Amino acid sequence: MPVSLHDYSSHDQQIWDEELEDFVPDRVFDAHIHLFNPDHLSSTEPTANRWGATDLATIQQWAAKLYPGRETHFLVLGTPLRGIDVAAHNDWSIAQVRQDPQSRMNRLVTPACTVEDIRRDILEQRFMGLKPYRIFSVTGDIAQCRIQDFLPYPQLELANELGLWVTMHLSRFHGCADELNLSDLREFTLKRFPNIKWILAHCARSFTYWPIRQAIDQLRDLPNIWYDVSAVTDVRPLITLFSREDRRRILYGSDGVDATYFHGQYASLGRAWQGIDAGRLDLQFPHCDGRPILAIYEQLLSMKHAAEIAQWSGNDIENLFWRSAAELFGVRFGNDESDVNSVGHSLTQATYVRAKELIPGGTQLLSKRPEMFAPGLWPAYAREAHGCEVIDLDGRRFIDMTTSGIGSCLLGYADPDVNAAVGRRIAMGSMSSLNAAEEVELAELLIELHPWADQARFARSGGEAMAIAVRLARAATRRDKIAFCGYHGWSDWYLAANLHPTDVVDGLQGHLLPGLEPAGVPLGLSGTALPFAYNDLDELQQHISRHGNEIAAVVMEPTRNAEPDPGFLEGVRELCDRCGAVLIFDEISSGWRMHLGGVHLKYGIMPDIAVFAKAIANGHPMAAIIGRRRLMDAAQSSFISSTYWTEAVGPTAALATIRKYQTLDIASHTHRLGTRMSQAWHDLSRRFSVPVKISGHPSLLRLSFDHTEAAALGTLFTARMLERGFLTGGGFYPSFAHQEHHITAYIHAAEPVFAELAIAIQQADVLQRLDSAGTQVRHSGFARL
Ligand SMILES: Cc1ncc(COP(=O)(O)O)c(C=O)c1O
């Protein structure tokens, strides 16, 4: 029996004060709550006397009691009671909800509702979506029905057409673990109704540990799925959801008033559950302090414990309680000043100023210098990174539409599966005096994926792995010279291309950056690194004609900015075979994103050595050198050895990452999103007459402005997108965490920015605009800071 506000006990108050006050943030969006007016249910209905009158003021009073001092808004769901006057209930409820402009409502629908009525209500009455329920199933079987039995196809089609939210209380005994439910959700989200946004109520109806544990790996991969945690008081399903699902897909909900504002809880009994209402049972507590608390507080306590176990940050908890809902449903809390991405006094900026005093060049990687984006504005540091979102030291949040961690986080930041594997390994001890057996398993897996290779060695970063590959080639061939194309790291062998005297001036121009000084690289290496252009077989041929039997290796990416011309890779392979040079494919950036393994597998040209780093371990330090036995064996005639190449996190992360790649179609995903982004840039360019240059594969896109003031325009674009909550720079490498809606939001934000760029070009005042935005033209290459 629901309690009234007067039944809020001193023990409830104590639990709030001692346990929950510091957990529940200042803002709450309750995405699962009901209103009820007894006038809409005939008193002869059996449920009539179980439900108390609940209008908006009631749930506001409850919220003030339950979460004192918090600003609270609601997603009200139509109350699904048999015999309810659906139209009257909806009309009355939405009128209540409209009294709070920041609350929303999903319209109660039954199979008897006509599509015309629903459409009219949605368009005219401000409903946000639909609330179907199993008790209206046309099959008459309310416990074992399928989604389409209580949300018929015409209504599904309407929801898809209008892109509606649907709060779905799954039926069938095992909720989300039920094979029919899962196959329906797969079919609906992936194929038939891709625009419907589903909120799976009650942790996808997992009141016990079991359903969500069975289903999480499948649900997690489906698009357009969110969850509310309402009425789940068992901590176990919450732990599974919090630790294994994308945190941004989980919303707070209470299922108040009648379902959780009573003293008791939903107790698990094996795979079944039951509401235990202490007020209705004769419970005795001879051995303990027998004062049951409100079920909603039981739920909040379990959420708190699950958040601790899943190591959620304060930011994650805010997302859960209100921010995700605010973004998804367009809700504004308070005067929302704290969310505006204004710089003001910034710890992030101050930290970078200090860094430049303490760390030469400010950062460890040129591509992460704020000077490469929008000096003074670009957030140099991420306090947190999840999916495709980063949070700087000031708590400002950005959707990252740049390179997803310089190409390393292909699954998205803090991928839960990879992190779980790494966390386990760290807990067991990831470094000792002995080796990590995971490296053997990883060698096996890499060789299985690349059957031309026989052996593997491991390192922890791309540049050092390339240095190992070059050392192996030199040791095996007893030759010194390296013909190369593209960028391959910071090592001496590579920078030697810029040493003088040499027959090439500024050898790294077009491969890395123009005008790089090879200071610190021994002059004795001059003439050992011979650059050639991608797709220019003649240039490579000339090096080989001139230095044929001195060339140890040809080093290149199989592809980077362009597809190989027909016959190019075959030609390189043949030249290597003819002159006895080792063909080394650098797959550090190209690997995994266009093909499972190296992209060379897609082109059907096998190297002698291939090198992986970056995306091989989704953001954890790891690199692999795989190759043919006769070359890899050369490691034994040289000295290639390092302490941290033996720790266990790297190979553990790589195994978890690759195994996840094996279950996903990363190549299609990155291709689809990259293609959409490239089309969007072309479209913006045409609509606003702002000339752009777009190049690269969809999974490794590059963007610049085709204008004499390209760098200044790029800086202004970046600065304005920062104000709108997006990191954007000279390219976009989509990750698996990027979804269509991120691109849609990005395009929406970019429209006014392109309009401003057009004006800046017309008025030739881009520099003044940068000045008033507090930044200067970004660097295009290496510069002393
Ligand atoms: C093709 C290629 N090779 C080598 C490297 C160097 O790798 P790392 O930065 O891990 O040393 C990079 C990095 O951008 C790269 O893209």
# chains A, B, ... in the order shown; residues from 1 in each chain; ligands from 1
>>> residues_near_ligand(ligand="ligand 1", cutoff="7 Å", atoms="only C-alpha atoms and all ligand atoms", output="mmCIF file with C-alpha atoms, in the first residue's frame")
data_model
loop_
_atom_site.group_PDB
_atom_site.id
_atom_site.type_symbol
_atom_site.label_atom_id
_atom_site.label_comp_id
_atom_site.auth_asym_id
_atom_site.auth_seq_id
_atom_site.Cartn_x
_atom_site.Cartn_y
_atom_site.Cartn_z
ATOM 1 C CA ILE A 406 45.039 10.392 -31.987
ATOM 2 C CA SER A 461 54.418 2.702 -28.388
ATOM 3 C CA GLY A 462 54.292 3.131 -32.140
ATOM 4 C CA GLY A 463 57.575 4.959 -32.635
ATOM 5 C CA GLU A 464 59.598 2.444 -30.627
ATOM 6 C CA MET A 466 58.898 1.042 -35.739
ATOM 7 C CA GLY A 486 54.869 8.738 -44.588
ATOM 8 C CA TYR A 487 55.342 9.250 -40.841
ATOM 9 C CA HIS A 488 56.786 6.552 -38.609
ATOM 10 C CA GLY A 489 57.754 8.075 -35.266
ATOM 11 C CA TRP A 490 60.377 10.246 -33.681
ATOM 12 C CA GLU A 557 51.696 2.581 -44.516
ATOM 13 C CA ASP A 586 53.296 0.452 -40.630
ATOM 14 C CA GLU A 587 49.717 -0.319 -39.551
ATOM 15 C CA ILE A 588 49.871 1.904 -36.477
ATOM 16 C CA SER A 589 47.111 4.187 -37.716
ATOM 17 C CA ALA A 613 50.121 0.210 -31.972
ATOM 18 C CA LYS A 614 47.420 2.766 -31.110
#
>>> closest_atom_pairs(of="range 319-378 of chain A", to="range 193-217 of chain A", cutoff="12 Å", atoms="only C-alpha atoms", output="Markdown table")
| residue | atom | partner | partner_atom | distance |
| --- | --- | --- | --- | --- |
| A:Ala325 | CA | A:Ile199 | CA | 11.1 |
| A:Leu328 | CA | A:Lys197 | CA | 10.1 |
| A:Phe329 | CA | A:Lys197 | CA | 11.2 |
>>> select_by_dssp(residues="range 494-716 of chain A", states="alpha helix (DSSP H)", output="JSON, numbers by chain")
{"A": [494, 495, 537, 538, 539, 540, 541, 542, 543, 544, 545, 546, 547, 568, 569, 570, 571, 572, 573, 574, 575, 576, 577, 578, 579, 600, 601, 602, 603, 629, 630, 631, 632, 649, 650, 651, 652, 653, 654, 655, 656, 657, 658, 659, 660, 661, 662, 663, 666, 667, 668, 669, 670, 671, 672, 673, 674, 675, 676, 677, 678, 679, 680, 681, 682, 683, 684, 685, 686, 687, 688, 710, 711, 712, 713, 714, 715, 716]}
>>> closest_atom_pairs(of="range 655-754 of chain A", to="range 372-384 of chain A", cutoff="9 Å", atoms="only C-alpha atoms", output="JSON lines")
{"residue": "A:Gly714", "atom": "CA", "partner": "A:Phe373", "partner_atom": "CA", "distance": 7.9}
{"residue": "A:Thr715", "atom": "CA", "partner": "A:Ala374", "partner_atom": "CA", "distance": 5.3}
{"residue": "A:Leu716", "atom": "CA", "partner": "A:Ala374", "partner_atom": "CA", "distance": 7.7}
{"residue": "A:Thr718", "atom": "CA", "partner": "A:Ala374", "partner_atom": "CA", "distance": 6.5}
{"residue": "A:Ala719", "atom": "CA", "partner": "A:Ala374", "partner_atom": "CA", "distance": 6.1}
{"residue": "A:Leu722", "atom": "CA", "partner": "A:Trp378", "partner_atom": "CA", "distance": 7.6}
{"residue": "A:Leu727", "atom": "CA", "partner": "A:Trp378", "partner_atom": "CA", "distance": 8.3}
{"residue": "A:Thr728", "atom": "CA", "partner": "A:Phe373", "partner_atom": "CA", "distance": 8.2}
{"residue": "A:Gly729", "atom": "CA", "partner": "A:Phe373", "partner_atom": "CA", "distance": 6.1}
{"residue": "A:Gly730", "atom": "CA", "partner": "A:Phe373", "partner_atom": "CA", "distance": 8.2}
>>> write_last_selection(atoms="C-alpha atoms", output="short mmCIF file (atom, residue, chain, number, x, y, z; two decimals), in the first residue's frame")
data_model
loop_
_atom_site.label_atom_id
_atom_site.label_comp_id
_atom_site.auth_asym_id
_atom_site.auth_seq_id
_atom_site.Cartn_x
_atom_site.Cartn_y
_atom_site.Cartn_z
CA GLY A 714 40.37 26.62 -38.91
CA THR A 715 41.14 28.27 -35.58
CA LEU A 716 37.91 30.26 -35.61
CA THR A 718 37.55 25.26 -33.59
CA ALA A 719 37.00 28.17 -31.16
CA LEU A 722 34.31 24.70 -28.43
CA LEU A 727 36.17 19.38 -29.93
CA THR A 728 36.92 19.81 -33.59
CA GLY A 729 40.18 20.25 -35.46
CA GLY A 730 41.74 19.21 -38.72
#
>>> residues_around(residues="Gly527 in chain A", least_positions_apart="2", cutoff="12 Å", atoms="only C-alpha atoms", output="list of chain:residue names")
A:Asp480, A:Lys481, A:Ile482, A:Ala483, A:Trp493, A:Tyr494, A:Leu495, A:Ala496, A:Ala497, A:Asn498, A:Leu499, A:His500, A:Pro501, A:Thr502, A:Asp503, A:Val504, A:Val505, A:Gly507, A:Pro522, A:Leu523, A:Gly524, A:Leu525, A:Ala529, A:Leu530, A:Pro531, A:His543, A:His547, A:Glu550, A:Ile551
>>> residues_around(residues="Leu540 in chain A", least_positions_apart="5", cutoff="9 Å", atoms="only C-alpha atoms", output="list in words")
Ala483, Phe484, Leu530, Pro531, Phe532, Ala533, Ser545, Val554, Val572 and Leu575 of chain A
>>> closest_residue(among="A:Ile616, A:Leu185, A:Leu164, A:Leu684", to="Pro651 in chain A", atoms="only C-alpha atoms")
A:Ile616
>>> residues_around(residues="Pro154 in chain A", least_positions_apart="6", cutoff="10 Å", atoms="only C-alpha atoms", output="ChimeraX atom specification")
/A:111,114-115,148,160
>>> write_last_selection(atoms="N, CA, C and O atoms", output="compact mmCIF listing (two decimals), in the first residue's frame")
# COMPACT_ATOMS: atom_id res chain seq x y z
N PRO A 111 -3.44 -0.85 -27.84
CA PRO A 111 -3.66 -1.21 -29.25
C PRO A 111 -4.95 -0.60 -29.80
O PRO A 111 -5.10 -0.44 -31.02
N THR A 114 -6.05 4.93 -32.01
CA THR A 114 -5.80 5.05 -33.45
C THR A 114 -4.54 5.86 -33.68
O THR A 114 -4.18 6.72 -32.88
N VAL A 115 -3.91 5.56 -34.81
CA VAL A 115 -2.68 6.26 -35.17
C VAL A 115 -2.97 7.75 -35.33
O VAL A 115 -2.17 8.61 -34.96
N GLN A 148 5.15 -6.21 -30.04
CA GLN A 148 4.15 -5.83 -31.04
C GLN A 148 2.73 -6.26 -30.66
O GLN A 148 1.76 -5.84 -31.30
N ASN A 160 8.36 5.53 -35.34
CA ASN A 160 9.56 5.60 -36.17
C ASN A 160 9.54 6.86 -37.04
O ASN A 160 10.51 7.58 -37.14
>>> residues_around(residues="His669 in chain A", least_positions_apart="6", cutoff="9 Å", atoms="only C-alpha atoms", output="list in words")
Ser699, Pro734, Ser735, Phe736, His738 and Gln739 of chain A
>>> closest_residue(among="A:Trp273, A:Ala737, A:Leu281, A:Gln102", to="Arg247 in chain A", atoms="only C-alpha atoms")
A:Ala737
>>> residues_around(residues="range 742-749 of chain A", least_positions_apart="3", cutoff="12 Å", atoms="only C-alpha atoms", output="PyMOL selection string")
chain A and resi 327-328+387-389+398-402+672-685+717-718+720-728+732+734-739+752-756
>>> closest_atom_pairs(of="range 38-98 of chain A", to="range 248-257 of chain A", cutoff="10 Å", atoms="only C-alpha atoms", output="JSON lines")
{"residue": "A:Trp51", "atom": "CA", "partner": "A:Val257", "partner_atom": "CA", "distance": 9.0}
{"residue": "A:Gly52", "atom": "CA", "partner": "A:Val257", "partner_atom": "CA", "distance": 8.5}
{"residue": "A:Ala53", "atom": "CA", "partner": "A:Val257", "partner_atom": "CA", "distance": 9.7}
{"residue": "A:Thr54", "atom": "CA", "partner": "A:Val257", "partner_atom": "CA", "distance": 7.6}
{"residue": "A:Thr58", "atom": "CA", "partner": "A:Val257", "partner_atom": "CA", "distance": 8.7}
{"residue": "A:Ile59", "atom": "CA", "partner": "A:Val257", "partner_atom": "CA", "distance": 7.1}
{"residue": "A:Trp62", "atom": "CA", "partner": "A:Val257", "partner_atom": "CA", "distance": 8.1}
{"residue": "A:Ala63", "atom": "CA", "partner": "A:Gly256", "partner_atom": "CA", "distance": 9.7}
{"residue": "A:Phe74", "atom": "CA", "partner": "A:Gly253", "partner_atom": "CA", "distance": 8.6}
{"residue": "A:Leu75", "atom": "CA", "partner": "A:Gly253", "partner_atom": "CA", "distance": 8.5}
{"residue": "A:Val76", "atom": "CA", "partner": "A:Asp255", "partner_atom": "CA", "distance": 9.5}
{"residue": "A:Leu77", "atom": "CA", "partner": "A:Asp255", "partner_atom": "CA", "distance": 9.2}
>>> closest_atom_pairs(of="range 442-535 of chain A", to="range 602-607 of chain A", cutoff="10 Å", atoms="only C-alpha atoms", output="Markdown table")
| residue | atom | partner | partner_atom | distance |
| --- | --- | --- | --- | --- |
| A:His450 | CA | A:Met606 | CA | 8.8 |
| A:Pro451 | CA | A:Met606 | CA | 9.6 |
| A:Trp452 | CA | A:Met606 | CA | 6.9 |
| A:Ala453 | CA | A:Pro607 | CA | 8.8 |
>>> closest_residue(among="A:Ile694, A:Ala773, A:Leu301, A:Ala656", to="Ala420 in chain A", atoms="only C-alpha atoms")
A:Ala656
>>> atom_distance(atom1="CA of Gly69 in chain A", atom2="CA of Val331 in chain A")
18.7 Å
